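Dumped upload_15.cif below, it's mmCIF, C-alpha atoms and all ligand atoms:
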data_upload
#
loop_
_atom_site.group_PDB
_atom_site.id
_atom_site.type_symbol
_atom_site.label_atom_id
_atom_site.label_comp_id
_atom_site.auth_asym_id
_atom_site.auth_seq_id
_atom_site.Cartn_x
_atom_site.Cartn_y
_atom_site.Cartn_z
ATOM 1 C CA MET A 14 -33.067 -35.071 -8.236
ATOM 2 C CA ASP A 15 -30.136 -37.438 -7.952
ATOM 3 C CA ARG A 16 -27.908 -34.857 -9.497
ATOM 4 C CA ILE A 17 -29.117 -32.191 -7.091
ATOM 5 C CA LEU A 18 -28.614 -34.520 -4.155
ATOM 6 C CA SER A 19 -25.135 -35.444 -5.197
ATOM 7 C CA GLU A 20 -24.265 -31.783 -5.828
ATOM 8 C CA THR A 21 -25.467 -30.947 -2.320
ATOM 9 C CA THR A 22 -23.484 -33.785 -0.824
ATOM 10 C CA LYS A 23 -20.428 -32.685 -2.771
ATOM 11 C CA ASN A 24 -20.752 -29.121 -1.517
ATOM 12 C CA GLN A 25 -21.197 -30.317 2.043
ATOM 13 C CA GLU A 26 -18.135 -32.519 1.736
ATOM 14 C CA LEU A 27 -16.159 -29.623 0.324
ATOM 15 C CA ARG A 28 -17.322 -27.306 3.091
ATOM 16 C CA THR A 29 -16.379 -29.710 5.821
ATOM 17 C CA LYS A 30 -12.914 -30.292 4.408
ATOM 18 C CA ASN A 31 -10.291 -28.675 6.628
ATOM 19 C CA ILE A 32 -8.043 -26.437 4.620
ATOM 20 C CA PHE A 33 -5.988 -25.168 7.547
ATOM 21 C CA ALA A 34 -5.728 -26.560 11.054
ATOM 22 C CA CYS A 35 -3.709 -24.396 13.454
ATOM 23 C CA ARG A 36 -2.895 -25.942 16.816
ATOM 24 C CA ASP A 37 -1.420 -23.831 19.618
ATOM 25 C CA VAL A 38 0.676 -21.840 17.165
ATOM 26 C CA HIS A 39 3.459 -19.744 18.698
ATOM 27 C CA TYR A 40 5.779 -17.465 16.811
ATOM 28 C CA SER A 41 8.346 -14.837 17.729
ATOM 29 C CA TYR A 42 10.590 -12.830 15.440
ATOM 30 C CA GLN A 43 14.306 -13.469 15.891
ATOM 31 C CA GLY A 44 13.370 -15.556 18.878
ATOM 32 C CA LYS A 45 12.729 -12.464 21.009
ATOM 33 C CA PHE A 46 9.808 -10.415 19.669
ATOM 34 C CA PRO A 47 6.639 -12.368 20.472
ATOM 35 C CA ALA A 48 4.066 -12.206 17.680
ATOM 36 C CA LEU A 49 1.668 -15.109 18.336
ATOM 37 C CA GLY A 50 1.139 -16.694 21.713
ATOM 38 C CA GLY A 51 -0.823 -19.869 21.046
ATOM 39 C CA VAL A 52 -3.491 -19.731 18.365
ATOM 40 C CA ASP A 53 -5.986 -22.486 17.554
ATOM 41 C CA MET A 54 -8.072 -22.183 14.422
ATOM 42 C CA THR A 55 -9.636 -24.497 11.869
ATOM 43 C CA ILE A 56 -10.543 -23.143 8.458
ATOM 44 C CA CYS A 57 -12.791 -25.149 6.153
ATOM 45 C CA ALA A 58 -13.004 -25.034 2.366
ATOM 46 C CA GLY A 59 -15.196 -22.227 1.095
ATOM 47 C CA GLU A 60 -15.241 -20.374 4.426
ATOM 48 C CA ARG A 61 -14.824 -16.613 4.609
ATOM 49 C CA ILE A 62 -12.779 -15.578 7.612
ATOM 50 C CA ALA A 63 -11.933 -12.118 8.946
ATOM 51 C CA LEU A 64 -8.988 -11.665 11.311
ATOM 52 C CA VAL A 65 -9.416 -8.472 13.307
ATOM 53 C CA GLY A 66 -7.365 -6.962 16.097
ATOM 54 C CA ALA A 67 -5.295 -3.975 17.103
ATOM 55 C CA ASN A 68 -1.970 -3.120 15.473
ATOM 56 C CA GLY A 69 0.643 -5.657 16.445
ATOM 57 C CA SER A 70 -1.822 -8.326 17.598
ATOM 58 C CA GLY A 71 -0.425 -10.929 15.178
ATOM 59 C CA LYS A 72 -2.767 -10.870 12.166
ATOM 60 C CA SER A 73 -0.063 -10.454 9.520
ATOM 61 C CA THR A 74 2.105 -12.989 11.295
ATOM 62 C CA LEU A 75 -0.682 -15.572 11.100
ATOM 63 C CA LEU A 76 -1.172 -14.872 7.378
ATOM 64 C CA ASN A 77 2.572 -15.304 6.803
ATOM 65 C CA LEU A 78 2.452 -18.611 8.674
ATOM 66 C CA LEU A 79 -0.587 -19.787 6.680
ATOM 67 C CA ASP A 80 1.299 -18.949 3.488
ATOM 68 C CA GLY A 81 4.329 -20.974 4.567
ATOM 69 C CA LEU A 82 6.626 -17.950 4.504
ATOM 70 C CA ILE A 83 7.552 -18.504 8.157
ATOM 71 C CA PHE A 84 6.982 -21.507 10.425
ATOM 72 C CA PRO A 85 5.717 -21.914 14.009
ATOM 73 C CA ASP A 86 8.235 -22.000 16.885
ATOM 74 C CA ALA A 87 5.802 -24.301 18.677
ATOM 75 C CA GLY A 88 2.475 -25.837 17.774
ATOM 76 C CA SER A 89 1.583 -26.770 14.212
ATOM 77 C CA ILE A 90 -0.227 -25.711 11.067
ATOM 78 C CA HIS A 91 -1.589 -28.347 8.725
ATOM 79 C CA TYR A 92 -2.694 -27.580 5.190
ATOM 80 C CA LEU A 93 -4.989 -30.298 3.763
ATOM 81 C CA GLY A 94 -3.578 -32.681 6.333
ATOM 82 C CA ARG A 95 0.087 -31.928 5.645
ATOM 83 C CA GLU A 96 2.134 -30.025 8.196
ATOM 84 C CA LEU A 97 3.623 -26.776 6.919
ATOM 85 C CA THR A 98 7.325 -26.982 7.708
ATOM 86 C CA GLU A 99 10.504 -25.874 5.982
ATOM 87 C CA ALA A 100 11.069 -29.494 4.956
ATOM 88 C CA ALA A 101 7.612 -29.713 3.349
ATOM 89 C CA PHE A 102 8.455 -26.772 1.091
ATOM 90 C CA LEU A 103 11.716 -28.405 0.002
ATOM 91 C CA ASP A 104 9.482 -30.980 -1.686
ATOM 92 C CA GLN A 105 9.026 -29.371 -5.123
ATOM 93 C CA ASP A 106 5.743 -31.125 -5.855
ATOM 94 C CA PHE A 107 4.204 -29.955 -2.616
ATOM 95 C CA SER A 108 5.643 -26.472 -2.906
ATOM 96 C CA ILE A 109 4.304 -25.922 -6.444
ATOM 97 C CA ALA A 110 0.895 -27.391 -5.603
ATOM 98 C CA PHE A 111 0.682 -25.181 -2.503
ATOM 99 C CA ARG A 112 1.665 -22.027 -4.418
ATOM 100 C CA LYS A 113 -1.007 -22.844 -7.019
ATOM 101 C CA HIS A 114 -3.672 -23.314 -4.356
ATOM 102 C CA VAL A 115 -2.881 -20.501 -1.958
ATOM 103 C CA GLY A 116 -2.488 -16.862 -2.992
ATOM 104 C CA PHE A 117 -1.374 -14.054 -0.677
ATOM 105 C CA ILE A 118 -2.242 -10.421 -1.355
ATOM 106 C CA PHE A 119 0.265 -8.499 0.766
ATOM 107 C CA GLN A 120 -0.575 -5.355 2.665
ATOM 108 C CA ASN A 121 2.075 -3.405 0.802
ATOM 109 C CA PRO A 122 1.565 -3.739 -2.970
ATOM 110 C CA ASP A 123 5.156 -2.567 -3.552
ATOM 111 C CA VAL A 124 6.285 -5.945 -2.204
ATOM 112 C CA GLN A 125 4.048 -7.740 -4.690
ATOM 113 C CA LEU A 126 4.889 -5.744 -7.818
ATOM 114 C CA PHE A 127 8.398 -5.936 -9.203
ATOM 115 C CA CYS A 128 8.194 -6.215 -13.004
ATOM 116 C CA PRO A 129 8.737 -3.311 -15.465
ATOM 117 C CA THR A 130 5.066 -3.389 -16.515
ATOM 118 C CA VAL A 131 1.720 -4.319 -14.993
ATOM 119 C CA ARG A 132 1.189 -6.854 -17.792
ATOM 120 C CA GLU A 133 4.420 -8.699 -16.921
ATOM 121 C CA ASP A 134 3.607 -8.626 -13.215
ATOM 122 C CA ILE A 135 0.225 -10.277 -13.787
ATOM 123 C CA ALA A 136 1.691 -12.899 -16.141
ATOM 124 C CA PHE A 137 4.673 -13.653 -13.881
ATOM 125 C CA GLY A 138 3.005 -15.994 -11.348
ATOM 126 C CA PRO A 139 1.134 -18.256 -13.762
ATOM 127 C CA LEU A 140 4.136 -18.470 -16.132
ATOM 128 C CA GLN A 141 6.364 -19.455 -13.193
ATOM 129 C CA LEU A 142 3.891 -22.185 -12.287
ATOM 130 C CA GLY A 143 3.890 -23.577 -15.812
ATOM 131 C CA VAL A 144 0.563 -22.253 -17.131
ATOM 132 C CA PRO A 145 0.686 -22.161 -20.982
ATOM 133 C CA GLU A 146 1.109 -18.704 -22.554
ATOM 134 C CA THR A 147 -2.239 -18.676 -24.367
ATOM 135 C CA GLU A 148 -4.011 -19.457 -21.097
ATOM 136 C CA VAL A 149 -2.028 -16.733 -19.323
ATOM 137 C CA ARG A 150 -3.155 -14.263 -22.005
ATOM 138 C CA ASN A 151 -6.779 -15.315 -21.493
ATOM 139 C CA ARG A 152 -6.526 -14.833 -17.744
ATOM 140 C CA LEU A 153 -4.864 -11.458 -18.205
ATOM 141 C CA GLU A 154 -7.632 -10.228 -20.477
ATOM 142 C CA LYS A 155 -10.343 -11.483 -18.152
ATOM 143 C CA LEU A 156 -8.750 -9.896 -15.066
ATOM 144 C CA ALA A 157 -8.049 -6.590 -16.805
ATOM 145 C CA LYS A 158 -11.748 -6.348 -17.599
ATOM 146 C CA MET A 159 -12.976 -7.483 -14.203
ATOM 147 C CA LEU A 160 -10.674 -5.149 -12.254
ATOM 148 C CA GLN A 161 -10.948 -2.314 -14.797
ATOM 149 C CA ILE A 162 -7.187 -2.050 -15.207
ATOM 150 C CA GLY A 163 -6.922 -2.566 -18.990
ATOM 151 C CA HIS A 164 -5.579 0.969 -19.431
ATOM 152 C CA LEU A 165 -2.768 0.295 -16.947
ATOM 153 C CA LEU A 166 -1.282 -2.860 -18.484
ATOM 154 C CA ASP A 167 1.702 -1.178 -20.124
ATOM 155 C CA ARG A 168 2.442 1.183 -17.249
ATOM 156 C CA SER A 169 5.111 0.699 -14.615
ATOM 157 C CA PRO A 170 3.449 -0.602 -11.435
ATOM 158 C CA HIS A 171 5.533 1.747 -9.313
ATOM 159 C CA GLN A 172 4.017 4.826 -10.905
ATOM 160 C CA LEU A 173 0.445 3.902 -10.033
ATOM 161 C CA SER A 174 -1.789 5.229 -7.252
ATOM 162 C CA VAL A 175 -2.318 3.109 -4.146
ATOM 163 C CA GLY A 176 -5.765 1.988 -5.328
ATOM 164 C CA GLU A 177 -4.427 1.068 -8.777
ATOM 165 C CA LYS A 178 -1.510 -0.814 -7.222
ATOM 166 C CA ARG A 179 -3.906 -2.682 -4.969
ATOM 167 C CA LYS A 180 -6.035 -3.764 -7.942
ATOM 168 C CA VAL A 181 -2.938 -4.900 -9.813
ATOM 169 C CA SER A 182 -1.834 -6.873 -6.725
ATOM 170 C CA PHE A 183 -5.215 -8.575 -6.767
ATOM 171 C CA ALA A 184 -4.755 -9.387 -10.433
ATOM 172 C CA THR A 185 -1.266 -10.877 -9.902
ATOM 173 C CA VAL A 186 -2.696 -13.285 -7.328
ATOM 174 C CA LEU A 187 -6.017 -14.046 -9.056
ATOM 175 C CA ALA A 188 -4.039 -14.848 -12.233
ATOM 176 C CA ILE A 189 -2.796 -17.969 -10.462
ATOM 177 C CA GLU A 190 -6.440 -18.944 -9.840
ATOM 178 C CA PRO A 191 -5.810 -20.052 -6.248
ATOM 179 C CA ASP A 192 -8.495 -21.820 -4.203
ATOM 180 C CA VAL A 193 -7.474 -19.971 -1.062
ATOM 181 C CA LEU A 194 -6.958 -16.220 -0.850
ATOM 182 C CA LEU A 195 -5.048 -14.634 2.022
ATOM 183 C CA LEU A 196 -5.460 -10.862 2.157
ATOM 184 C CA ASP A 197 -3.670 -8.446 4.465
ATOM 185 C CA GLU A 198 -5.587 -5.190 4.996
ATOM 186 C CA PRO A 199 -6.854 -5.132 1.398
ATOM 187 C CA THR A 200 -8.925 -1.981 1.826
ATOM 188 C CA ALA A 201 -6.430 0.090 3.838
ATOM 189 C CA GLY A 202 -5.998 3.537 2.333
ATOM 190 C CA LEU A 203 -8.580 3.058 -0.404
ATOM 191 C CA ASP A 204 -11.428 5.420 -1.293
ATOM 192 C CA PRO A 205 -14.986 4.145 -0.773
ATOM 193 C CA GLN A 206 -15.579 3.344 -4.440
ATOM 194 C CA THR A 207 -12.380 1.310 -4.817
ATOM 195 C CA THR A 208 -13.112 -0.399 -1.489
ATOM 196 C CA THR A 209 -16.572 -1.382 -2.734
ATOM 197 C CA HIS A 210 -15.116 -2.652 -5.997
ATOM 198 C CA LEU A 211 -12.558 -4.835 -4.230
ATOM 199 C CA ILE A 212 -15.163 -6.150 -1.815
ATOM 200 C CA ASP A 213 -17.371 -7.047 -4.780
ATOM 201 C CA MET A 214 -14.395 -8.982 -6.203
ATOM 202 C CA LEU A 215 -14.077 -10.894 -2.933
ATOM 203 C CA VAL A 216 -17.796 -11.666 -2.820
ATOM 204 C CA HIS A 217 -17.540 -12.885 -6.409
ATOM 205 C CA ALA A 218 -14.477 -15.025 -5.556
ATOM 206 C CA SER A 219 -16.323 -16.483 -2.587
ATOM 207 C CA GLU A 220 -19.344 -17.335 -4.717
ATOM 208 C CA ALA A 221 -16.931 -19.158 -7.006
ATOM 209 C CA GLY A 222 -16.076 -21.371 -3.996
ATOM 210 C CA LYS A 223 -12.793 -19.846 -2.863
ATOM 211 C CA THR A 224 -11.711 -19.832 0.761
ATOM 212 C CA ILE A 225 -11.016 -16.254 1.805
ATOM 213 C CA ILE A 226 -9.045 -15.161 4.843
ATOM 214 C CA THR A 227 -8.792 -11.417 5.352
ATOM 215 C CA ALA A 228 -6.910 -9.470 8.016
ATOM 216 C CA THR A 229 -8.561 -6.110 8.438
ATOM 217 C CA HIS A 230 -9.130 -3.123 10.689
ATOM 218 C CA ASP A 231 -12.119 -2.110 8.684
ATOM 219 C CA LEU A 232 -15.069 -3.348 10.726
ATOM 220 C CA HIS A 233 -17.478 -1.902 8.166
ATOM 221 C CA THR A 234 -16.409 -4.514 5.640
ATOM 222 C CA ILE A 235 -16.579 -7.669 7.738
ATOM 223 C CA THR A 236 -20.282 -8.307 7.223
ATOM 224 C CA ASP A 237 -19.650 -8.462 3.488
ATOM 225 C CA ILE A 238 -16.424 -10.455 3.500
ATOM 226 C CA ALA A 239 -16.742 -12.896 6.388
ATOM 227 C CA ASP A 240 -18.928 -15.637 7.807
ATOM 228 C CA ARG A 241 -16.688 -15.956 10.823
ATOM 229 C CA VAL A 242 -14.569 -13.377 12.611
ATOM 230 C CA TYR A 243 -11.580 -14.051 14.859
ATOM 231 C CA VAL A 244 -10.582 -11.244 17.206
ATOM 232 C CA PHE A 245 -6.904 -11.091 18.156
ATOM 233 C CA GLY A 246 -6.206 -9.715 21.610
ATOM 234 C CA ARG A 247 -3.336 -7.605 22.849
ATOM 235 C CA ASP A 248 -1.792 -10.777 24.274
ATOM 236 C CA LYS A 249 -1.431 -12.036 20.643
ATOM 237 C CA ARG A 250 -3.923 -14.821 21.199
ATOM 238 C CA LEU A 251 -7.528 -15.149 20.112
ATOM 239 C CA ALA A 252 -9.837 -13.129 22.322
ATOM 240 C CA ALA A 253 -13.077 -14.231 20.653
ATOM 241 C CA SER A 254 -14.674 -15.592 17.544
ATOM 242 C CA GLY A 255 -18.173 -15.366 16.159
ATOM 243 C CA THR A 256 -20.324 -14.245 13.279
ATOM 244 C CA PRO A 257 -19.813 -10.663 12.094
ATOM 245 C CA ALA A 258 -23.137 -9.685 13.734
ATOM 246 C CA GLU A 259 -22.110 -11.205 17.063
ATOM 247 C CA ILE A 260 -18.708 -9.522 17.045
ATOM 248 C CA LEU A 261 -20.031 -6.125 15.953
ATOM 249 C CA ALA A 262 -22.670 -6.218 18.686
ATOM 250 C CA ASN A 263 -20.031 -6.835 21.364
ATOM 251 C CA HIS A 264 -18.868 -3.272 22.009
ATOM 252 C CA ASP A 265 -16.953 -4.188 25.148
ATOM 253 C CA LEU A 266 -14.917 -6.721 23.201
ATOM 254 C CA LEU A 267 -14.220 -4.209 20.433
ATOM 255 C CA GLN A 268 -13.344 -1.498 22.940
ATOM 256 C CA THR A 269 -11.009 -3.733 24.955
ATOM 257 C CA ASN A 270 -9.219 -4.762 21.797
ATOM 258 C CA ASN A 271 -8.750 -1.269 20.452
ATOM 259 C CA LEU A 272 -11.102 -1.712 17.536
ATOM 260 C CA LEU A 273 -13.402 1.219 18.221
ATOM 261 C CA HIS A 274 -12.696 4.857 17.555
ATOM 262 C CA ALA A 275 -13.374 7.128 20.515
ATOM 263 C CA HIS A 276 -15.990 9.013 18.491
ATOM 264 C CA PHE A 277 -17.635 5.716 17.687
ATOM 265 C CA HIS A 278 -17.860 4.930 21.382
ATOM 266 C CA HIS A 279 -19.518 8.262 22.150
ATOM 267 C CA SER A 280 -22.014 8.031 19.341
ATOM 268 C CA ARG A 281 -22.156 4.295 19.139
ATOM 269 C CA ASP A 282 -25.914 4.057 19.012
ATOM 270 C CA HIS A 283 -25.976 5.897 15.696
ATOM 271 C CA HIS A 284 -23.321 3.631 14.248
ATOM 272 C CA LYS A 285 -24.930 0.592 15.739
ATOM 273 C CA TYR A 286 -28.111 1.290 13.869
ATOM 274 C CA ARG A 287 -26.204 1.915 10.692
ATOM 275 C CA TRP A 288 -24.471 -1.453 11.014
ATOM 276 C CA GLU A 289 -27.657 -3.218 11.858
ATOM 277 C CA SER A 290 -29.404 -1.750 8.870
ATOM 278 C CA GLN A 291 -26.500 -2.927 6.692
ATOM 279 C CA GLU A 292 -27.012 -6.433 7.920
ATOM 280 C CA ASN A 293 -30.692 -6.508 7.053
HETATM 281 N N1 LIG B 301 9.855 -8.322 11.201
HETATM 282 C C1 LIG B 301 9.580 -8.219 12.497
HETATM 283 N N2 LIG B 301 10.571 -8.191 13.425
HETATM 284 C C2 LIG B 301 10.300 -8.107 14.752
HETATM 285 N N3 LIG B 301 9.055 -8.053 15.261
HETATM 286 C C3 LIG B 301 8.027 -8.071 14.393
HETATM 287 C C4 LIG B 301 8.232 -8.156 12.981
HETATM 288 N N4 LIG B 301 7.011 -8.154 12.368
HETATM 289 C C5 LIG B 301 6.109 -8.080 13.364
HETATM 290 N N5 LIG B 301 6.710 -8.029 14.573
HETATM 291 C C6 LIG B 301 6.047 -7.968 15.902
HETATM 292 O O1 LIG B 301 5.121 -9.032 15.974
HETATM 293 C C7 LIG B 301 3.923 -8.635 16.590
HETATM 294 C C8 LIG B 301 2.749 -8.969 15.678
HETATM 295 O O2 LIG B 301 2.855 -8.173 14.504
HETATM 296 P P1 LIG B 301 1.907 -8.326 13.249
HETATM 297 O O3 LIG B 301 1.695 -9.753 12.981
HETATM 298 O O4 LIG B 301 2.501 -7.501 12.172
HETATM 299 O O5 LIG B 301 0.555 -7.677 13.801
HETATM 300 P P2 LIG B 301 -0.700 -7.063 13.024
HETATM 301 O O6 LIG B 301 -0.649 -7.542 11.612
HETATM 302 O O7 LIG B 301 -1.865 -7.568 13.795
HETATM 303 O O8 LIG B 301 -0.565 -5.580 13.127
HETATM 304 C C9 LIG B 301 4.083 -7.157 16.907
HETATM 305 O O9 LIG B 301 4.390 -7.009 18.267
HETATM 306 C C10 LIG B 301 5.226 -6.712 16.032
HETATM 307 O O10 LIG B 301 5.973 -5.702 16.643
HETATM 308 MG MG MG B 302 -0.634 -6.437 9.863
#
What's the structure tokens form of this structure?
Amino acid sequence: MDRILSETTKNQELRTKNIFACRDVHYSYQGKFPALGGVDMTICAGERIALVGANGSGKSTLLNLLDGLIFPDAGSIHYLGRELTEAAFLDQDFSIAFRKHVGFIFQNPDVQLFCPTVREDIAFGPLQLGVPETEVRNRLEKLAKMLQIGHLLDRSPHQLSVGEKRKVSFATVLAIEPDVLLLDEPTAGLDPQTTTHLIDMLVHASEAGKTIITATHDLHTITDIADRVYVFGRDKRLAASGTPAEILANHDLLQTNNLLHAHFHHSRDHHKYRWESQEN
């Protein structure tokens, strides 16, 4: 009983721990192309977040900011209480710890894959971060099995199909065993079976306690991958947030923010029932 109680308390503590705190975050590219116009968001450990919004509404920009690849022009982002700034990343200890804890699966796998073989690409991250070779081999074997990419390990990543590349991208990030996963449109361009497989991976990662933040257009997936959905508006600020069920039920919100296909709008009752039945 004591053990169960303390486990519960531990989980609650973990869940209430702020991983990211974004306060009034503004960003523009080259100082003249506005990309985020004041975003507030708090993300707790173990949460599953979906970022949805039309093209150009700032989803990828927010992921890049959360990964410390770019920094706010105004406002702030704190990661576990420490502000993400250029100076923070000059601190080697912080930078290495952050890269071990936070993994980013880019929208374009070609950006992620740069080694001559898939095997080297998957081993690259953990080796860079000082993981011993035997452990790297173990992780590689485990991931190859889980993602069903064992037959691709000696191939060149650039000769793979989009779905294969996407799985390898997943593997390169999961090999680091991060606590937080940032994913940019992970299911874009994938067939239904590969989409389902990758979503299963995310569900599995979430059950293992990881914090998962996914930018996506694919409203069909958000019930499976998110507890909380943030909708980005055309003004590059948050238009709404809620549970997947609440957001999916709000057709006006989805319509205003360019998240519904015209055919969906016309036949929305059919789709609505399909979504509702998925949720049950
Ligand atoms: N490298 C860049 N240079 C200039 N503007 C950019 C760049 N990347 C994105 N933007 C602009 O920033 C805004 C937000 O883009 P982005 O974050 O990519 O949106 P999303 O991921 O939601 O499609 C858009 O208006 C886009 O044109
Ligand atoms: Mg994007």
Around ligand MG 302 (chain B), out to 7 Å and counting only C-alpha atoms and all ligand atoms, which residues are there? I want them as a PyMOL selection string.
chain A and resi 68-69+71-73+197
Step by step, measure atom-to-atom distances between ligand LIG 301 (chain B) and each residue using only C-alpha atoms and all ligand atoms, keep those at most 10 Å, then write them as number ranges by chain.
A: 40-50, 64-78, 120, 197-198, 228-230, 245-249
Output check: residues returned by the PyMOL selection byres (((chain A and resi 100-102) around 12) and not hetatm), as a VMD selection string
chain A and resid 80 to 84 90 to 92 94 to 99 103 to 112
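Here the PyMOL selection byres (((chain A and resi 142) around 10) and not hetatm) captures the residues Ile109, Ala110, Arg112, Lys113, Phe137, Gly138, Pro139, Leu140, Gln141, Gly143, Val144, Pro145 and Ile189 of chain A.
Residues lying within 12 Å of (-12.6, -3.4, 24.3). Counted over only C-alpha atoms, they are A:Gly66, A:Ala67, A:Val244, A:Phe245, A:Gly246, A:Arg247, A:Ala252, A:Ala253, A:Ile260, A:Leu261, A:Ala262, A:Asn263, A:His264, A:Asp265, A:Leu266, A:Leu267, A:Gln268, A:Thr269, A:Asn270, A:Asn271, A:Leu272, A:Leu273, A:His274, A:Ala275, A:His278.
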Quick check, in Å to one decimal: how far apart do CA of Glu220 (chain A) and CA of Arg36 (chain A) lie?
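Answer for the CA of Glu220 (chain A) to CA of Arg36 (chain A) separation: 28.4 Å.
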Which polymer residues have any atom within 8 Å of an atom of Leu203 (chain A), counting only C-alpha atoms, with same-chain residues fewer than 3 positions away left out, as a PyMOL selection string?
chain A and resi 175-176+200+207-208
Those selected residues, please, written with C-alpha atoms and delivered as a PDB file, in the frame of the given file.
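Output below, filename part_38.pdb:
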ATOM      1  CA  VAL A 175      -2.318   3.109  -4.146  1.00  0.00           C
ATOM      2  CA  GLY A 176      -5.765   1.988  -5.328  1.00  0.00           C
ATOM      3  CA  THR A 200      -8.925  -1.981   1.826  1.00  0.00           C
ATOM      4  CA  THR A 207     -12.380   1.310  -4.817  1.00  0.00           C
ATOM      5  CA  THR A 208     -13.112  -0.399  -1.489  1.00  0.00           C
TER       6      THR A 208
END
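Atom to atom, CA of Ala258 (chain A) and CA of His39 (chain A) stand 28.9 Å apart.
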Have a look at A:Ala34, A:Tyr243, A:Glu154, A:Asp192 and name the one nearest to Lys223 (chain A); count all atoms listed in the file.
A:Asp192
With all atoms listed in the file as the basis for distance, which of A:Arg152, A:Lys180, A:Arg250, A:Arg241 is at the shortest distance from Met214 (chain A)?
A:Lys180
Have a look at A:His164, A:His217, A:Lys30, A:Arg61 and name the one nearest to Val193 (chain A); count only C-alpha atoms.
A:Arg61
Rounded to one decimal place, report the CA of Phe33 (chain A)-CA of Asp240 (chain A) distance in Å.
16.1 Å
Taking all atoms listed in the file into account, name the residue in A:Thr55, A:Asn121, A:Thr209, A:Thr185 that is nearest to Leu93 (chain A).
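Looking at the shortest contact to Leu93 (chain A), the residue is A:Thr55.
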Give me the residues within 10 Å of Asp237 (chain A) as a compact mmCIF listing (two decimals) with C-alpha atoms, in the frame of the given file, counting only C-alpha atoms and dropping any in the same chain fewer than 2 places off.
# COMPACT_ATOMS: atom_id res chain seq x y z
CA ARG A 61 -14.82 -16.61 4.61
CA THR A 209 -16.57 -1.38 -2.73
CA ILE A 212 -15.16 -6.15 -1.82
CA ASP A 213 -17.37 -7.05 -4.78
CA LEU A 215 -14.08 -10.89 -2.93
CA VAL A 216 -17.80 -11.67 -2.82
CA LEU A 232 -15.07 -3.35 10.73
CA HIS A 233 -17.48 -1.90 8.17
CA THR A 234 -16.41 -4.51 5.64
CA ILE A 235 -16.58 -7.67 7.74
CA ALA A 239 -16.74 -12.90 6.39
CA ASP A 240 -18.93 -15.64 7.81
CA PRO A 257 -19.81 -10.66 12.09
CA GLN A 291 -26.50 -2.93 6.69
CA GLU A 292 -27.01 -6.43 7.92
For the provided coordinates, the residues matched by the PyMOL selection byres (((chain A and resi 163) around 12) and not hetatm) should be stated as a count of residues only.
22
Expected axis-aligned box over every listed atom of region 206-224 of chain A, 4 Å added per side, centre plus edges in Å to one decimal, as lines of an AutoDock Vina configuration file:
center_x = -15.5
center_y = -9.0
center_z = -3.1
size_x = 15.6
size_y = 32.7
size_z = 15.8
Pick from A:Ile62, A:Val115, A:Val124, A:Ala87 nearest to Ser219 (chain A), counting all atoms listed in the file:
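Among A:Ile62, A:Val115, A:Val124, A:Ala87, it is A:Ile62 that comes nearest to Ser219 (chain A).
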Of the candidates A:Gly51, A:Pro170, A:Pro205, A:Gly59, which one gets nearest to Asp123 (chain A) if we count only C-alpha atoms?
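Once distances to Asp123 (chain A) are computed over only C-alpha atoms, the minimum belongs to A:Pro170.
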